[in-house]
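**Q** Please find my_file.cif (mmCIF, N, CA and C atoms) on the next line:
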data_structure
#
loop_
_atom_site.label_atom_id
_atom_site.label_comp_id
_atom_site.auth_asym_id
_atom_site.auth_seq_id
_atom_site.Cartn_x
_atom_site.Cartn_y
_atom_site.Cartn_z
N HIS A 1 -5.16 12.25 2.29
CA HIS A 1 -4.31 12.69 1.21
C HIS A 1 -2.83 12.59 1.60
N THR A 2 -2.54 12.85 2.85
CA THR A 2 -1.15 12.73 3.31
C THR A 2 -0.66 11.30 3.14
N TRP A 3 -1.52 10.33 3.50
CA TRP A 3 -1.14 8.92 3.36
C TRP A 3 -0.93 8.58 1.89
N LEU A 4 -1.82 9.04 1.00
CA LEU A 4 -1.68 8.75 -0.43
C LEU A 4 -0.38 9.34 -0.97
N ARG A 5 -0.08 10.57 -0.57
CA ARG A 5 1.18 11.18 -1.03
C ARG A 5 2.38 10.39 -0.50
N GLY A 6 2.32 9.94 0.74
CA GLY A 6 3.41 9.15 1.30
C GLY A 6 3.60 7.83 0.58
N GLN A 7 2.49 7.16 0.25
CA GLN A 7 2.58 5.89 -0.47
C GLN A 7 3.14 6.10 -1.86
N LEU A 8 2.75 7.17 -2.51
CA LEU A 8 3.29 7.48 -3.84
C LEU A 8 4.79 7.71 -3.76
N HIS A 9 5.25 8.36 -2.71
CA HIS A 9 6.68 8.56 -2.50
C HIS A 9 7.39 7.21 -2.36
N HIS A 10 6.80 6.29 -1.58
CA HIS A 10 7.40 4.96 -1.41
C HIS A 10 7.48 4.22 -2.75
N VAL A 11 6.44 4.33 -3.55
CA VAL A 11 6.44 3.67 -4.86
C VAL A 11 7.59 4.22 -5.70
N ARG A 12 7.73 5.53 -5.75
CA ARG A 12 8.82 6.13 -6.55
C ARG A 12 10.18 5.69 -6.04
N THR A 13 10.35 5.64 -4.71
CA THR A 13 11.62 5.22 -4.12
C THR A 13 11.94 3.77 -4.51
N GLU A 14 10.95 2.89 -4.41
CA GLU A 14 11.17 1.48 -4.75
C GLU A 14 11.45 1.30 -6.24
N VAL A 15 10.78 2.06 -7.06
CA VAL A 15 11.02 1.99 -8.51
C VAL A 15 12.45 2.40 -8.81
N GLU A 16 12.89 3.50 -8.23
CA GLU A 16 14.27 3.96 -8.47
C GLU A 16 15.28 2.93 -7.98
N ALA A 17 15.04 2.32 -6.82
CA ALA A 17 15.95 1.30 -6.31
C ALA A 17 15.99 0.10 -7.25
N HIS A 18 14.83 -0.29 -7.77
CA HIS A 18 14.76 -1.42 -8.69
C HIS A 18 15.55 -1.14 -9.96
N PHE A 19 15.32 0.03 -10.56
CA PHE A 19 16.02 0.33 -11.82
C PHE A 19 17.51 0.56 -11.60
N ALA A 20 17.90 1.09 -10.45
CA ALA A 20 19.32 1.26 -10.15
C ALA A 20 19.99 -0.10 -10.02
N ALA A 21 19.33 -1.03 -9.34
CA ALA A 21 19.89 -2.38 -9.18
C ALA A 21 19.97 -3.08 -10.54
N ARG A 22 18.96 -2.88 -11.36
CA ARG A 22 18.96 -3.48 -12.69
C ARG A 22 20.09 -2.92 -13.54
N ALA A 23 20.30 -1.61 -13.46
CA ALA A 23 21.36 -0.96 -14.25
C ALA A 23 22.75 -1.37 -13.78
N ALA A 24 22.88 -1.64 -12.49
CA ALA A 24 24.19 -2.00 -11.93
C ALA A 24 24.55 -3.46 -12.14
N HIS A 25 23.59 -4.27 -12.56
CA HIS A 25 23.83 -5.70 -12.71
C HIS A 25 24.86 -5.96 -13.81
N ARG A 26 25.83 -6.76 -13.47
CA ARG A 26 26.88 -7.16 -14.42
C ARG A 26 27.04 -8.66 -14.35
N GLY A 27 27.43 -9.23 -15.44
CA GLY A 27 27.74 -10.64 -15.44
C GLY A 27 26.53 -11.52 -15.66
N PRO A 28 26.73 -12.82 -15.49
CA PRO A 28 25.66 -13.76 -15.76
C PRO A 28 24.58 -13.72 -14.68
N GLY A 29 23.50 -14.35 -14.99
CA GLY A 29 22.42 -14.45 -14.02
C GLY A 29 21.36 -13.39 -14.23
N GLU A 30 20.33 -13.56 -13.48
CA GLU A 30 19.17 -12.66 -13.58
C GLU A 30 19.42 -11.36 -12.83
N PRO A 31 19.11 -10.22 -13.42
CA PRO A 31 19.15 -8.97 -12.67
C PRO A 31 17.79 -8.70 -12.07
N PRO A 32 17.76 -7.83 -11.13
CA PRO A 32 18.25 -7.98 -9.78
C PRO A 32 17.35 -8.93 -9.02
N ALA A 33 17.46 -8.97 -7.73
CA ALA A 33 16.66 -9.88 -6.92
C ALA A 33 15.17 -9.71 -7.24
N PRO A 34 14.49 -10.82 -7.58
CA PRO A 34 13.09 -10.72 -7.96
C PRO A 34 12.20 -10.16 -6.86
N GLY A 35 12.66 -10.23 -5.61
CA GLY A 35 11.85 -9.73 -4.51
C GLY A 35 11.52 -8.25 -4.63
N LEU A 36 12.44 -7.46 -5.17
CA LEU A 36 12.19 -6.03 -5.29
C LEU A 36 11.05 -5.76 -6.27
N GLY A 37 11.06 -6.48 -7.39
CA GLY A 37 9.96 -6.33 -8.33
C GLY A 37 8.63 -6.68 -7.68
N LEU A 38 8.65 -7.72 -6.85
CA LEU A 38 7.43 -8.12 -6.15
C LEU A 38 7.02 -7.04 -5.15
N GLN A 39 7.99 -6.44 -4.45
CA GLN A 39 7.68 -5.35 -3.53
C GLN A 39 7.02 -4.19 -4.26
N ILE A 40 7.58 -3.84 -5.41
CA ILE A 40 7.00 -2.73 -6.18
C ILE A 40 5.57 -3.08 -6.57
N ARG A 41 5.36 -4.28 -7.07
CA ARG A 41 4.00 -4.68 -7.47
C ARG A 41 3.05 -4.63 -6.29
N GLN A 42 3.48 -5.16 -5.16
CA GLN A 42 2.61 -5.17 -3.98
C GLN A 42 2.30 -3.75 -3.52
N ARG A 43 3.31 -2.90 -3.45
CA ARG A 43 3.12 -1.51 -3.01
C ARG A 43 2.20 -0.78 -4.00
N CYS A 44 2.48 -0.94 -5.29
CA CYS A 44 1.67 -0.25 -6.30
C CYS A 44 0.23 -0.74 -6.28
N LEU A 45 0.05 -2.04 -6.18
CA LEU A 45 -1.31 -2.57 -6.18
C LEU A 45 -2.07 -2.10 -4.94
N ALA A 46 -1.41 -2.11 -3.79
CA ALA A 46 -2.08 -1.63 -2.57
C ALA A 46 -2.40 -0.15 -2.69
N PHE A 47 -1.46 0.61 -3.21
CA PHE A 47 -1.68 2.04 -3.40
C PHE A 47 -2.83 2.27 -4.38
N CYS A 48 -2.79 1.56 -5.51
CA CYS A 48 -3.83 1.75 -6.52
C CYS A 48 -5.21 1.36 -6.00
N GLN A 49 -5.28 0.29 -5.23
CA GLN A 49 -6.57 -0.12 -4.66
C GLN A 49 -7.07 0.92 -3.66
N ALA A 50 -6.18 1.43 -2.83
CA ALA A 50 -6.57 2.45 -1.85
C ALA A 50 -7.02 3.73 -2.56
N LEU A 51 -6.30 4.11 -3.60
CA LEU A 51 -6.65 5.32 -4.35
C LEU A 51 -8.00 5.15 -5.05
N GLU A 52 -8.22 4.00 -5.64
CA GLU A 52 -9.50 3.74 -6.31
C GLU A 52 -10.64 3.78 -5.30
N PHE A 53 -10.47 3.18 -4.13
CA PHE A 53 -11.49 3.21 -3.09
C PHE A 53 -11.75 4.64 -2.64
N HIS A 54 -10.68 5.40 -2.46
CA HIS A 54 -10.78 6.79 -2.03
C HIS A 54 -11.61 7.60 -3.03
N HIS A 55 -11.27 7.49 -4.30
CA HIS A 55 -11.98 8.26 -5.32
C HIS A 55 -13.41 7.77 -5.52
N THR A 56 -13.63 6.48 -5.46
CA THR A 56 -14.99 5.94 -5.58
C THR A 56 -15.86 6.43 -4.42
N SER A 57 -15.30 6.45 -3.23
CA SER A 57 -16.04 6.93 -2.06
C SER A 57 -16.38 8.40 -2.19
N GLU A 58 -15.43 9.18 -2.67
CA GLU A 58 -15.69 10.60 -2.86
C GLU A 58 -16.80 10.81 -3.90
N ASP A 59 -16.66 10.15 -5.04
CA ASP A 59 -17.63 10.33 -6.13
C ASP A 59 -19.02 9.82 -5.73
N GLY A 60 -19.06 8.72 -4.99
CA GLY A 60 -20.34 8.11 -4.67
C GLY A 60 -21.02 8.65 -3.43
N HIS A 61 -20.23 9.21 -2.50
CA HIS A 61 -20.82 9.60 -1.22
C HIS A 61 -20.48 11.03 -0.79
N LEU A 62 -19.20 11.32 -0.67
CA LEU A 62 -18.80 12.61 -0.13
C LEU A 62 -19.24 13.78 -1.01
N PHE A 63 -18.88 13.72 -2.29
CA PHE A 63 -19.19 14.84 -3.18
C PHE A 63 -20.70 15.08 -3.33
N PRO A 64 -21.50 14.03 -3.55
CA PRO A 64 -22.95 14.29 -3.64
C PRO A 64 -23.52 14.90 -2.35
N GLY A 65 -23.01 14.46 -1.21
CA GLY A 65 -23.49 15.01 0.06
C GLY A 65 -23.16 16.49 0.20
N ILE A 66 -21.94 16.85 -0.15
CA ILE A 66 -21.54 18.26 -0.06
C ILE A 66 -22.28 19.08 -1.12
N ALA A 67 -22.43 18.51 -2.32
CA ALA A 67 -23.09 19.23 -3.41
C ALA A 67 -24.54 19.60 -3.07
N ARG A 68 -25.21 18.77 -2.27
CA ARG A 68 -26.58 19.09 -1.86
C ARG A 68 -26.64 20.39 -1.07
N HIS A 69 -25.58 20.66 -0.32
CA HIS A 69 -25.55 21.88 0.49
C HIS A 69 -24.86 23.05 -0.22
N HIS A 70 -24.14 22.73 -1.30
CA HIS A 70 -23.40 23.76 -2.04
C HIS A 70 -23.60 23.56 -3.55
N PRO A 71 -24.83 23.71 -4.03
CA PRO A 71 -25.09 23.45 -5.46
C PRO A 71 -24.32 24.39 -6.38
N HIS A 72 -23.89 25.52 -5.88
CA HIS A 72 -23.11 26.46 -6.70
C HIS A 72 -21.72 25.90 -7.05
N LEU A 73 -21.34 24.79 -6.43
CA LEU A 73 -20.02 24.20 -6.69
C LEU A 73 -20.09 23.01 -7.66
N SER A 74 -21.16 22.91 -8.41
CA SER A 74 -21.30 21.76 -9.31
C SER A 74 -20.14 21.66 -10.29
N ASP A 75 -19.62 22.81 -10.77
CA ASP A 75 -18.47 22.77 -11.68
C ASP A 75 -17.23 22.20 -10.99
N VAL A 76 -17.06 22.50 -9.72
CA VAL A 76 -15.92 21.97 -8.95
C VAL A 76 -16.03 20.45 -8.87
N PHE A 77 -17.23 19.95 -8.55
CA PHE A 77 -17.39 18.50 -8.42
C PHE A 77 -17.27 17.80 -9.77
N ASP A 78 -17.73 18.43 -10.83
CA ASP A 78 -17.55 17.86 -12.17
C ASP A 78 -16.06 17.76 -12.51
N ARG A 79 -15.32 18.81 -12.19
CA ARG A 79 -13.87 18.80 -12.48
C ARG A 79 -13.17 17.73 -11.65
N LEU A 80 -13.52 17.62 -10.36
CA LEU A 80 -12.88 16.61 -9.51
C LEU A 80 -13.17 15.20 -10.02
N ALA A 81 -14.40 14.95 -10.45
CA ALA A 81 -14.74 13.63 -10.99
C ALA A 81 -13.95 13.36 -12.27
N GLU A 82 -13.78 14.36 -13.11
CA GLU A 82 -12.98 14.19 -14.34
C GLU A 82 -11.52 13.92 -13.99
N GLU A 83 -11.01 14.60 -12.98
CA GLU A 83 -9.63 14.34 -12.53
C GLU A 83 -9.50 12.91 -12.02
N HIS A 84 -10.53 12.41 -11.34
CA HIS A 84 -10.50 11.02 -10.86
C HIS A 84 -10.39 10.07 -12.05
N ARG A 85 -11.13 10.34 -13.11
CA ARG A 85 -11.07 9.47 -14.30
C ARG A 85 -9.70 9.55 -14.97
N THR A 86 -9.12 10.74 -15.01
CA THR A 86 -7.78 10.89 -15.61
C THR A 86 -6.74 10.12 -14.81
N VAL A 87 -6.77 10.26 -13.49
CA VAL A 87 -5.82 9.54 -12.63
C VAL A 87 -6.02 8.03 -12.81
N ALA A 88 -7.27 7.58 -12.87
CA ALA A 88 -7.54 6.14 -13.05
C ALA A 88 -6.98 5.63 -14.38
N ARG A 89 -7.11 6.42 -15.43
CA ARG A 89 -6.58 6.02 -16.73
C ARG A 89 -5.05 5.90 -16.68
N LEU A 90 -4.40 6.87 -16.07
CA LEU A 90 -2.94 6.82 -15.93
C LEU A 90 -2.52 5.65 -15.04
N GLN A 91 -3.30 5.41 -14.02
CA GLN A 91 -3.04 4.30 -13.10
C GLN A 91 -3.12 2.97 -13.84
N ASP A 92 -4.11 2.82 -14.71
CA ASP A 92 -4.26 1.59 -15.49
C ASP A 92 -3.05 1.36 -16.39
N GLY A 93 -2.57 2.43 -17.02
CA GLY A 93 -1.38 2.31 -17.87
C GLY A 93 -0.15 1.91 -17.08
N LEU A 94 -0.02 2.48 -15.90
CA LEU A 94 1.10 2.15 -15.04
C LEU A 94 1.01 0.70 -14.56
N ALA A 95 -0.19 0.26 -14.24
CA ALA A 95 -0.38 -1.13 -13.79
C ALA A 95 0.00 -2.11 -14.90
N ALA A 96 -0.32 -1.76 -16.13
CA ALA A 96 0.05 -2.63 -17.26
C ALA A 96 1.58 -2.73 -17.38
N LEU A 97 2.27 -1.61 -17.22
CA LEU A 97 3.74 -1.64 -17.25
C LEU A 97 4.30 -2.40 -16.06
N LEU A 98 3.64 -2.27 -14.94
CA LEU A 98 4.08 -2.91 -13.71
C LEU A 98 4.10 -4.43 -13.82
N ALA A 99 3.20 -4.96 -14.61
CA ALA A 99 3.15 -6.42 -14.78
C ALA A 99 4.48 -6.95 -15.31
N GLY A 100 5.20 -6.12 -16.06
CA GLY A 100 6.49 -6.54 -16.59
C GLY A 100 7.62 -5.65 -16.09
N VAL A 101 7.56 -5.21 -14.82
CA VAL A 101 8.56 -4.28 -14.30
C VAL A 101 9.98 -4.82 -14.43
N HIS A 102 10.13 -6.14 -14.41
CA HIS A 102 11.47 -6.72 -14.52
C HIS A 102 12.08 -6.52 -15.90
N ILE A 103 11.24 -6.23 -16.91
CA ILE A 103 11.76 -5.98 -18.26
C ILE A 103 11.32 -4.62 -18.80
N ALA A 104 10.61 -3.84 -17.98
CA ALA A 104 10.09 -2.55 -18.43
C ALA A 104 11.21 -1.59 -18.78
N ASP A 105 10.96 -0.76 -19.78
CA ASP A 105 11.89 0.30 -20.14
C ASP A 105 11.88 1.33 -19.00
N PRO A 106 13.02 1.53 -18.33
CA PRO A 106 13.04 2.44 -17.18
C PRO A 106 12.54 3.85 -17.50
N ASP A 107 12.94 4.39 -18.66
CA ASP A 107 12.51 5.76 -18.99
C ASP A 107 11.00 5.84 -19.19
N ARG A 108 10.44 4.86 -19.86
CA ARG A 108 8.98 4.87 -20.07
C ARG A 108 8.25 4.69 -18.74
N PHE A 109 8.73 3.76 -17.93
CA PHE A 109 8.09 3.52 -16.63
C PHE A 109 8.16 4.78 -15.77
N ARG A 110 9.33 5.41 -15.71
CA ARG A 110 9.47 6.64 -14.93
C ARG A 110 8.56 7.74 -15.46
N ALA A 111 8.46 7.84 -16.78
CA ALA A 111 7.60 8.87 -17.38
C ALA A 111 6.13 8.63 -17.01
N GLU A 112 5.70 7.38 -17.07
CA GLU A 112 4.31 7.05 -16.71
C GLU A 112 4.05 7.33 -15.22
N LEU A 113 5.00 6.95 -14.38
CA LEU A 113 4.86 7.19 -12.95
C LEU A 113 4.88 8.69 -12.66
N ALA A 114 5.74 9.43 -13.34
CA ALA A 114 5.81 10.88 -13.14
C ALA A 114 4.50 11.54 -13.59
N ALA A 115 3.94 11.08 -14.71
CA ALA A 115 2.67 11.65 -15.19
C ALA A 115 1.55 11.41 -14.19
N MET A 116 1.47 10.18 -13.68
CA MET A 116 0.42 9.89 -12.71
C MET A 116 0.66 10.68 -11.42
N SER A 117 1.90 10.77 -10.98
CA SER A 117 2.23 11.51 -9.76
C SER A 117 1.85 12.98 -9.90
N ALA A 118 2.22 13.58 -11.02
CA ALA A 118 1.91 15.00 -11.24
C ALA A 118 0.41 15.22 -11.27
N GLU A 119 -0.30 14.38 -11.99
CA GLU A 119 -1.76 14.52 -12.09
C GLU A 119 -2.41 14.32 -10.73
N LEU A 120 -1.98 13.30 -10.00
CA LEU A 120 -2.57 13.03 -8.70
C LEU A 120 -2.28 14.16 -7.71
N ASN A 121 -1.05 14.63 -7.67
CA ASN A 121 -0.73 15.70 -6.73
C ASN A 121 -1.47 16.99 -7.07
N ALA A 122 -1.59 17.31 -8.35
CA ALA A 122 -2.36 18.50 -8.75
C ALA A 122 -3.82 18.33 -8.35
N HIS A 123 -4.36 17.12 -8.53
CA HIS A 123 -5.74 16.85 -8.15
C HIS A 123 -5.93 17.01 -6.64
N LEU A 124 -5.03 16.42 -5.86
CA LEU A 124 -5.16 16.51 -4.41
C LEU A 124 -5.06 17.96 -3.94
N ASP A 125 -4.14 18.72 -4.54
CA ASP A 125 -4.02 20.14 -4.20
C ASP A 125 -5.32 20.88 -4.51
N HIS A 126 -5.88 20.64 -5.69
CA HIS A 126 -7.12 21.31 -6.09
C HIS A 126 -8.27 20.91 -5.17
N GLU A 127 -8.36 19.63 -4.87
CA GLU A 127 -9.44 19.14 -4.01
C GLU A 127 -9.34 19.78 -2.62
N GLU A 128 -8.15 19.84 -2.09
CA GLU A 128 -7.96 20.43 -0.76
C GLU A 128 -8.30 21.92 -0.78
N GLU A 129 -7.88 22.61 -1.82
CA GLU A 129 -8.17 24.04 -1.93
C GLU A 129 -9.68 24.30 -2.02
N ALA A 130 -10.38 23.45 -2.77
CA ALA A 130 -11.81 23.66 -2.97
C ALA A 130 -12.66 23.17 -1.81
N LEU A 131 -12.26 22.06 -1.17
CA LEU A 131 -13.15 21.44 -0.20
C LEU A 131 -12.78 21.62 1.26
N LEU A 132 -11.54 21.80 1.59
CA LEU A 132 -11.18 21.92 3.00
C LEU A 132 -11.89 23.09 3.69
N PRO A 133 -12.03 24.24 3.04
CA PRO A 133 -12.79 25.30 3.70
C PRO A 133 -14.24 24.90 4.01
N LEU A 134 -14.84 24.11 3.14
CA LEU A 134 -16.21 23.66 3.38
C LEU A 134 -16.26 22.66 4.54
N LEU A 135 -15.29 21.75 4.55
CA LEU A 135 -15.27 20.73 5.59
C LEU A 135 -14.91 21.31 6.96
N ALA A 136 -14.22 22.44 6.97
CA ALA A 136 -13.86 23.08 8.24
C ALA A 136 -15.09 23.54 8.99
N ASP A 137 -16.19 23.77 8.27
CA ASP A 137 -17.44 24.22 8.92
C ASP A 137 -18.26 23.07 9.48
N VAL A 138 -17.85 21.84 9.20
CA VAL A 138 -18.60 20.68 9.70
C VAL A 138 -18.11 20.38 11.11
N PRO A 139 -19.02 20.35 12.09
CA PRO A 139 -18.57 20.08 13.47
C PRO A 139 -18.02 18.66 13.61
N TRP A 140 -16.89 18.56 14.32
CA TRP A 140 -16.29 17.25 14.56
C TRP A 140 -15.79 17.20 15.98
N PRO A 141 -16.12 16.21 16.72
CA PRO A 141 -17.01 15.12 16.33
C PRO A 141 -18.44 15.64 16.18
N PRO A 142 -19.25 14.92 15.41
CA PRO A 142 -20.63 15.37 15.20
C PRO A 142 -21.37 15.49 16.54
N GLU A 143 -22.24 16.45 16.57
CA GLU A 143 -23.03 16.62 17.79
C GLU A 143 -24.01 15.46 17.90
N ARG A 144 -24.23 15.04 19.13
CA ARG A 144 -25.19 13.96 19.36
C ARG A 144 -26.60 14.54 19.24
N PRO A 145 -27.47 13.78 18.63
CA PRO A 145 -28.85 14.27 18.56
C PRO A 145 -29.41 14.45 19.97
N ARG A 146 -30.18 15.49 20.12
CA ARG A 146 -30.77 15.76 21.44
C ARG A 146 -32.06 14.95 21.57
N PRO A 147 -32.20 14.35 22.71
CA PRO A 147 -33.43 13.54 22.89
C PRO A 147 -34.66 14.43 22.82
N THR A 148 -35.66 13.90 22.16
CA THR A 148 -36.93 14.62 22.10
C THR A 148 -37.85 14.01 23.13
N SER A 149 -38.56 14.86 23.80
CA SER A 149 -39.45 14.35 24.85
C SER A 149 -40.88 14.38 24.42
#
Starting from the coordinates I provided, produce the structure as structure tokens.

**A**
Amino acid sequence: HTWLRGQLHHVRTEVEAHFAARAAHRGPGEPPAPGLGLQIRQRCLAFCQALEFHHTSEDGHLFPGIARHHPHLSDVFDRLAEEHRTVARLQDGLAALLAGVHIADPDRFRAELAAMSAELNAHLDHEEEALLPLLADVPWPPERPRPTS
């Protein structure tokens, strides 16, 4: 989660730099250097792919495994899965805007990014609050199986 939060911070920083450069552009020629738009796309796509993998892994493996040992938390896992779908929907909208970041409306793009950031951070906070106490009870590194004679 720390890495995801850090990557989201980088995306926001690059977006702000891109829109600041675009706003400062004066005179003829294309605003601003196309490389920045490419950086934003690359960072966002890498972030989005990592986030999708993270959530898919949780939904497909981690949550079902924990739920078997904590069936009383089924509402928690249902809520987390719904939050994953909400973040994915916001992510898809942002990706669509990202395709045209060089002409995107800065206010709309910032609003979409802020919505996804707020939703994702709230989700990560909730997930950590609900699951970290459970994971703290899991021995790490796992104990080696004892040989049977």

**Q** Hey, could you make a per-residue contact list for segment 64-149 of chain A against segment 5-12 of chain A with 9 Å as the cut-off, showing the nearest pair of atoms and its distance in Å to one decimal, counting only C-alpha atoms, sorted by chain and number, as CSV?

**A**
residue,atom,partner,partner_atom,distance
A:Arg110,CA,A:Arg12,CA,8.4
A:Leu113,CA,A:Arg12,CA,7.6
A:Ala114,CA,A:Arg12,CA,8.7
A:Ser117,CA,A:Leu8,CA,7.2
A:Leu120,CA,A:Arg5,CA,8.7
A:Asn121,CA,A:Arg5,CA,7.5
A:Leu124,CA,A:Arg5,CA,8.9

**Q** Tell me, in Å to one decimal, how far atom C of Pro106 of chain A is from atom N of Cys44 of chain A.

**A**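 Atom C of Pro106 of chain A sits 16.5 Å away from atom N of Cys44 of chain A.
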
**Q** Pull out every residue that the PyMOL selection byres ((chain A and resi 77-92) around 8) matches in the shown coordinates and put them as number ranges by chain.

**A** A: 48, 52, 55-56, 58-59, 63-64, 67, 72-76, 93-98, 112-113, 115-117, 119-120, 123, 126-127

**Q** Could you state the separation of atom C of Phe109 of chain A and atom N of Glu128 of chain A in Å, given to one decimal place?

**A**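 Spanning atom C of Phe109 of chain A to atom N of Glu128 of chain A is a straight-line distance of 26.1 Å.
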
**Q** Could you tell me how far atom CA of Gln49 of chain A lies from atom C of Arg108 of chain A, in Å and to one decimal?

**A**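 The value is 21.0 Å.
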
**Q** Just asking: which residues within segment 11-142 of chain A are helix (DSSP H, G or I) according to DSSP, as number ranges by chain?

**A** A: 11-24, 34-69, 71-98, 106-136

**Q** Kindly provide, as JSON, the centre and edge lengths (Å, one decimal) of an axis-aligned box around all atoms of segment 20-30 of chain A given in the file, with 5 Å on each side.

**A**
{"center_x": 22.8, "center_y": -6.6, "center_z": -12.5, "size_x": 19.8, "size_y": 25.7, "size_z": 16.6}

**Q** Using only C-alpha atoms, find the one residue out of A:Trp3, A:His102, A:Ala50, A:Pro71 that sits nearest to Ala21 of chain A.

**A**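 So, comparing all the options, the nearest one is A:His102.
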